[in-house]
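Engineer: This is the structure, below, for whatever I ask next.
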Amino acid sequence: MAEEMLTLDDLARLKKQREEEKSRLPYQAYLDNLKTLIGEKNPKIYPTINAPKPNSNKQFVCIKEPVEFISLFSSCNGQDECKALFQQLLDSRDTRVIDQVINVSDDNNGIWFNTTNNGINLRPGLEDEEWSSPTTITLGDDAVHSLVAGRTGSGKSVFLNSIIFSLLAEYSPWELDLYLADFKKVEFSRYLSKCNVPHIKAVAATSEIRYVLSLLNYLARCMVARQNFFALIGQQKLSEVREKYQIVLPRVLLIVDEFQQLFLEATGKEEMQITDLLTSITKLGRATGFHLMFASQEMSGTMSQSAFANFKARFALACDSEVSSRVLGNPGAAKLDKKGMVLANIGAGKEDTNQLFKVPFVSEEYFYTYLQDITDCGEKAKYDSVHKFYQEDSIKSMEELDDVLAAIKDVRTDYLAKNSGLFDIVTLGEAVVFNYKKYDYETVFIERGVRKNIGIFSPVVDDTVYVCKLLAENFKTSPKADTYKHHIIVRNDLFMKKMDLAEELNVPNSRVYNSIGFLDEIVGLFRRRSREASLINSYQQYASLKEFAYDAFCLRAEHLITDLSDEEKEVLQELSEYYTNKSIEDIPAVQETILDDFDFEKSYFRIINMLYEKEVNGKSMVDLFDASIFWVIGAEMVGKFPKEMETVLTDAMNYNMLFVLVASNNDFNDFYMCNKACDYLFVTGNNESYYNKLKLPFTKKSENSISVDFAISSSATQRSFKKFKFDLNEVVVPEIDFDSILS
């Protein structure tokens, strides 16, 4: 094979590529140089270093976020009592306040040499490309928050990685909490994908606005709790609290890449919430140790000018003149012509106050090696931390749900045994909001009461199938599974082709119905149960058990026979005589006597036995009835529901009847009735009209979003969770292959 010849253009590109590689500043070389300068106490660097101070026992006493323990001070009267209580909690190493205690180590490979007591050093790189000048830009009392701008290909991601790597090297994980949000869903996701980097508390690799919004909300709550706690113990800011009590409470830095998307993708309501939260954090962050670093290609359409002004530390990589002027206060970044360079400006805005840095480059090979080294150091120090890694597109298998349901079986059993007002407890999936717990599965406690049915409304049939699969898995593993009697009304054949719900629930064909006539039977069942309950509740109005027994026999016979003859009534009267001068406790013995004397259908004793269960065994009225779950698949195809169906749906749960109404269209005759009767609502998709009609908050999502929105109407709560992986049956549309026939 002839050797491929390179053109002059190819050679020029190769030369340029080699020059770029040669001009790069490897991060490892940068860090080694930094550690050397610190070891030599270089005067250019050493003033920015403040060695961490352990307590007299050579320990770092790390306390939890005050949001977790501030309630302990609710009964204190005045600052003196609060101070005394806090000192007592510290002295006793109370685990409600103390997170962990770290013993000092002298073997940290030259890292973790600084404290965040007075601020956070951001290290952009080598100032003016001088090895002796790895100068810092400090986030502290003066410049509290930071902005980063740079056009596509300018090296913004390289810059952010370098900043993060320097933070991981300079500060121990008990000195600094890092939260990372990445709307590109790629760059920051690497930080927890292979290693549990101890400093990094959360990575949100998502375009899901609600998750980032909830993360901001959590940080704002922590910040306000710190402020209130500091006031209780008579201190004003973080450094004072740490120094007075010889404890460690870390500074917090939230870094958001492509933060402009936060505003572009938000609904009007969400944008207002974001603005309020950012205003709160930017104003209160100084005293409490909360800092923000927002990066984007441009800044238009984001924060207000007043909020923008709080971001005093500014960085700009190569970008156009307008963006540079907005960020730095001057067009300097538009003149950057070398890759790997960044300009910094701390508030003055004039071009002659810009600082030029060469940014260290983190190679792909070095990236994970470095993170593993930092993780190993954290483990060596026995530092323990929760890491929340939210990847929008990652999805767990349905087997994981089975494992979770198995793990909580005893807890679920205990809850249901102690709470007769609960029908069941359903585990949904991973939350699409941030919380600081290790496991964040959403659950719903299905209560008994008025209109306590489940509605599944989505324009996406596959999603309605998924939610039914989810509910089926929960019902099959329920401690009460053996008592459930499922009935399925099928009006949407496509649904059943994608998943045979009857097979999933092991429902016999005799309880699968295609005709809406079964709805009339449901109405009849509801009537019977309501009459039985009414009769049992009126027992105290009867002069004797004998009289009650007669009415109980007659009511039951009406169901079995419909029209009672006089002769049949006489038989029932004769049977009721057996209860003369008997009490409720005698009911089982009387029944045995009757069955010895007569060849009699046991079901006639149903109501009087229900009375015995209620009065003697203490069963609740609702538990006297069989638990019946009615699945209406394709509610939009039912047409007009029976007239009494609204009453049935309203009070069904009071008689142990749960309805699961499934519809893939919100434009049908009785949609309002069905929606109103469902306290528990599941909805998916990106069709805002569905959410508006269901009166649920809408958020923009990708077309293939794996999140499901869930709401409880009675408590005005709305949550979202991620699906588990579940493969539907493939539905193949038949077609004639004309090419093979006619050719």
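Starting from 1 in every chain, residues are counted up; chains themselves are A, B, ... following the order of the structure tokens, and ligands are numbered from 1 as listed.
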Please tabulate, as a Markdown table, the residues of region 131-241 of chain A that come within 9 Å of region 307-317 of chain A, each with its closest pair of atoms and the distance in Å to one decimal, counting only C-alpha atoms and ordering rows by chain, then residue number upward.

Structural biologist:
```
| residue | atom | partner | partner_atom | distance |
| --- | --- | --- | --- | --- |
| A:Ile137 | CA | A:Ala313 | CA | 7.4 |
| A:Thr138 | CA | A:Ala313 | CA | 8.1 |
| A:Leu139 | CA | A:Ala313 | CA | 7.4 |
| A:Asp142 | CA | A:Lys312 | CA | 8.0 |
| A:Ala143 | CA | A:Lys312 | CA | 5.0 |
| A:Val144 | CA | A:Phe311 | CA | 6.8 |
| A:His145 | CA | A:Phe311 | CA | 4.5 |
| A:Ser146 | CA | A:Ala313 | CA | 4.5 |
| A:Leu147 | CA | A:Arg314 | CA | 4.9 |
| A:Val148 | CA | A:Phe315 | CA | 4.7 |
| A:Ala149 | CA | A:Ala316 | CA | 4.8 |
| A:Gly150 | CA | A:Leu317 | CA | 4.6 |
| A:Arg151 | CA | A:Leu317 | CA | 7.5 |
| A:Ser154 | CA | A:Leu317 | CA | 6.0 |
| A:Gly155 | CA | A:Leu317 | CA | 7.2 |
| A:Lys156 | CA | A:Leu317 | CA | 6.8 |
| A:Phe159 | CA | A:Leu317 | CA | 8.7 |
```

Engineer: Export, as a PDB file, in the first residue's frame, the selected residues with N, CA and C atoms.

Structural biologist:
```pdb
ATOM      1  N   ILE A 137      -6.994  34.500  43.837  1.00  0.00           N
ATOM      2  CA  ILE A 137      -8.133  35.419  43.905  1.00  0.00           C
ATOM      3  C   ILE A 137      -8.997  34.865  45.032  1.00  0.00           C
ATOM      4  N   THR A 138      -9.185  35.633  46.090  1.00  0.00           N
ATOM      5  CA  THR A 138      -9.826  35.090  47.288  1.00  0.00           C
ATOM      6  C   THR A 138     -11.308  35.442  47.360  1.00  0.00           C
ATOM      7  N   LEU A 139     -12.125  34.420  47.611  1.00  0.00           N
ATOM      8  CA  LEU A 139     -13.541  34.634  47.929  1.00  0.00           C
ATOM      9  C   LEU A 139     -13.645  34.715  49.450  1.00  0.00           C
ATOM     10  N   ASP A 142     -14.580  40.390  51.105  1.00  0.00           N
ATOM     11  CA  ASP A 142     -14.626  41.430  50.077  1.00  0.00           C
ATOM     12  C   ASP A 142     -15.313  40.901  48.815  1.00  0.00           C
ATOM     13  N   ALA A 143     -14.629  40.031  48.102  1.00  0.00           N
ATOM     14  CA  ALA A 143     -15.235  39.387  46.921  1.00  0.00           C
ATOM     15  C   ALA A 143     -15.854  38.071  47.380  1.00  0.00           C
ATOM     16  N   VAL A 144     -17.169  38.039  47.459  1.00  0.00           N
ATOM     17  CA  VAL A 144     -17.848  36.861  48.030  1.00  0.00           C
ATOM     18  C   VAL A 144     -18.165  35.827  46.954  1.00  0.00           C
ATOM     19  N   HIS A 145     -18.565  36.301  45.785  1.00  0.00           N
ATOM     20  CA  HIS A 145     -19.010  35.400  44.718  1.00  0.00           C
ATOM     21  C   HIS A 145     -18.250  35.689  43.429  1.00  0.00           C
ATOM     22  N   SER A 146     -18.337  34.753  42.488  1.00  0.00           N
ATOM     23  CA  SER A 146     -17.489  34.836  41.299  1.00  0.00           C
ATOM     24  C   SER A 146     -18.257  34.502  40.029  1.00  0.00           C
ATOM     25  N   LEU A 147     -17.835  35.147  38.925  1.00  0.00           N
ATOM     26  CA  LEU A 147     -18.380  34.866  37.602  1.00  0.00           C
ATOM     27  C   LEU A 147     -17.260  34.437  36.661  1.00  0.00           C
ATOM     28  N   VAL A 148     -17.601  33.532  35.746  1.00  0.00           N
ATOM     29  CA  VAL A 148     -16.639  33.062  34.733  1.00  0.00           C
ATOM     30  C   VAL A 148     -17.338  33.089  33.382  1.00  0.00           C
ATOM     31  N   ALA A 149     -16.694  33.684  32.391  1.00  0.00           N
ATOM     32  CA  ALA A 149     -17.274  33.721  31.047  1.00  0.00           C
ATOM     33  C   ALA A 149     -16.232  33.294  30.030  1.00  0.00           C
ATOM     34  N   GLY A 150     -16.721  32.745  28.936  1.00  0.00           N
ATOM     35  CA  GLY A 150     -15.817  32.330  27.859  1.00  0.00           C
ATOM     36  C   GLY A 150     -16.608  31.663  26.758  1.00  0.00           C
ATOM     37  N   ARG A 151     -16.280  32.018  25.520  1.00  0.00           N
ATOM     38  CA  ARG A 151     -17.023  31.440  24.392  1.00  0.00           C
ATOM     39  C   ARG A 151     -16.686  29.960  24.237  1.00  0.00           C
ATOM     40  N   SER A 154     -13.067  28.202  24.296  1.00  0.00           N
ATOM     41  CA  SER A 154     -12.112  29.114  24.932  1.00  0.00           C
ATOM     42  C   SER A 154     -11.336  28.452  26.063  1.00  0.00           C
ATOM     43  N   GLY A 155     -11.812  27.297  26.522  1.00  0.00           N
ATOM     44  CA  GLY A 155     -11.128  26.611  27.612  1.00  0.00           C
ATOM     45  C   GLY A 155     -11.800  26.805  28.963  1.00  0.00           C
ATOM     46  N   LYS A 156     -13.098  27.127  28.945  1.00  0.00           N
ATOM     47  CA  LYS A 156     -13.828  27.357  30.194  1.00  0.00           C
ATOM     48  C   LYS A 156     -13.856  26.107  31.060  1.00  0.00           C
ATOM     49  N   PHE A 159     -10.515  25.603  32.641  1.00  0.00           N
ATOM     50  CA  PHE A 159     -10.344  26.548  33.747  1.00  0.00           C
ATOM     51  C   PHE A 159     -11.077  26.061  35.001  1.00  0.00           C
TER      52      PHE A 159
END
```

Engineer: Write out as a compact mmCIF listing (two decimals) with N, CA, C and O atoms, in the first residue's frame each polymer residue whose atoms come within 7 Å of region 570-572 of chain A, counting only C-alpha atoms; drop sequence neighbours fewer than 4 positions from it.

Structural biologist:
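Full text of selection31.txt as output:
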```txt
# COMPACT_ATOMS: atom_id res chain seq x y z
N TYR A 550 -81.62 -10.94 62.51
CA TYR A 550 -82.65 -11.11 61.48
C TYR A 550 -82.42 -10.13 60.33
O TYR A 550 -82.43 -10.51 59.16
N PHE A 553 -79.38 -11.17 58.33
CA PHE A 553 -79.68 -12.30 57.43
C PHE A 553 -80.46 -11.81 56.21
O PHE A 553 -80.18 -12.20 55.08
N ASP A 566 -92.08 -15.10 51.52
CA ASP A 566 -92.48 -15.15 52.93
C ASP A 566 -91.90 -16.37 53.61
O ASP A 566 -91.51 -16.32 54.79
N SER A 576 -82.67 -16.57 63.37
CA SER A 576 -82.33 -15.47 64.28
C SER A 576 -82.69 -15.80 65.71
O SER A 576 -82.11 -15.24 66.65
```

Engineer: Among region 144-303 of chain A, which ones does DSSP assign to alpha helix (DSSP H) (computed from the backbone)? Answer as number ranges by chain.

Structural biologist: A: 156-170, 190-193, 209-232, 238-245, 260-264, 268-288

Engineer: Using CA of Ile489 (chain A) and CA of Ala652 (chain A) as the two end points, give the distance in Å to one decimal.

Structural biologist: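 Value for the CA of Ile489 (chain A)-CA of Ala652 (chain A) distance: 16.6 Å.
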
Engineer: Which parts of region 140-293 of chain A does DSSP call strand (DSSP E) when run on the backbone here, written out as a list in words?

Structural biologist: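 Strand (DSSP E) assignments inside region 140-293 of chain A correspond to Ser146, Leu147, Val148, Ala149, Leu176, Asp177, Leu178, Tyr179, Leu180, Ala181, Asp182, Ile200, Lys201, Ala202, Val203, Ala204, Ala205, Arg251, Val252, Leu253, Leu254, Ile255, Val256, Asp257, Phe290, His291, Leu292 and Met293 of chain A.
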
Engineer: Restricting the calculation to only C-alpha atoms: of A:Lys283, A:Asp520, A:Tyr171, A:Ala29, which residue gets closest to Ala51 (chain A)?

Structural biologist: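 For Ala51 (chain A), the nearest of the given residues is A:Tyr171.
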
Engineer: List as JSON, numbers by chain the protein and nucleic acid residues near region 638-650 of chain A, meaning an atom at most 6 Å away when only C-alpha atoms are counted, but skip any in the same chain fewer than 6 places from it.

Structural biologist: {"A": [450, 451, 677]}

Engineer: Here is a test: counting only C-alpha atoms, which residue of A:Ser705, A:Ser214, A:Asn330, A:Thr464 is nearest to Gln273 (chain A)?

Structural biologist: A:Ser214

Engineer: With only C-alpha atoms as the basis for distance, which of A:Gly39, A:Leu168, A:Leu328, A:Ser714 is at the shortest distance from Gly449 (chain A)?

Structural biologist: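 Of all the options, A:Ser714 lies closest to Gly449 (chain A).
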
Engineer: Please provide the set of residues having any atom within 12 Å of Asp106 (chain A), restricted to only C-alpha atoms, with same-chain residues fewer than 6 positions apart removed, written as a ChimeraX atom specification.

Structural biologist: /A:52,58,112-113,377,380-381

Engineer: From the set A:Met293, A:Asp393, A:Phe367, A:Arg719, which residue has the shortest atom-to-atom contact distance to Lys184 (chain A), counting only C-alpha atoms?

Structural biologist: A:Asp393
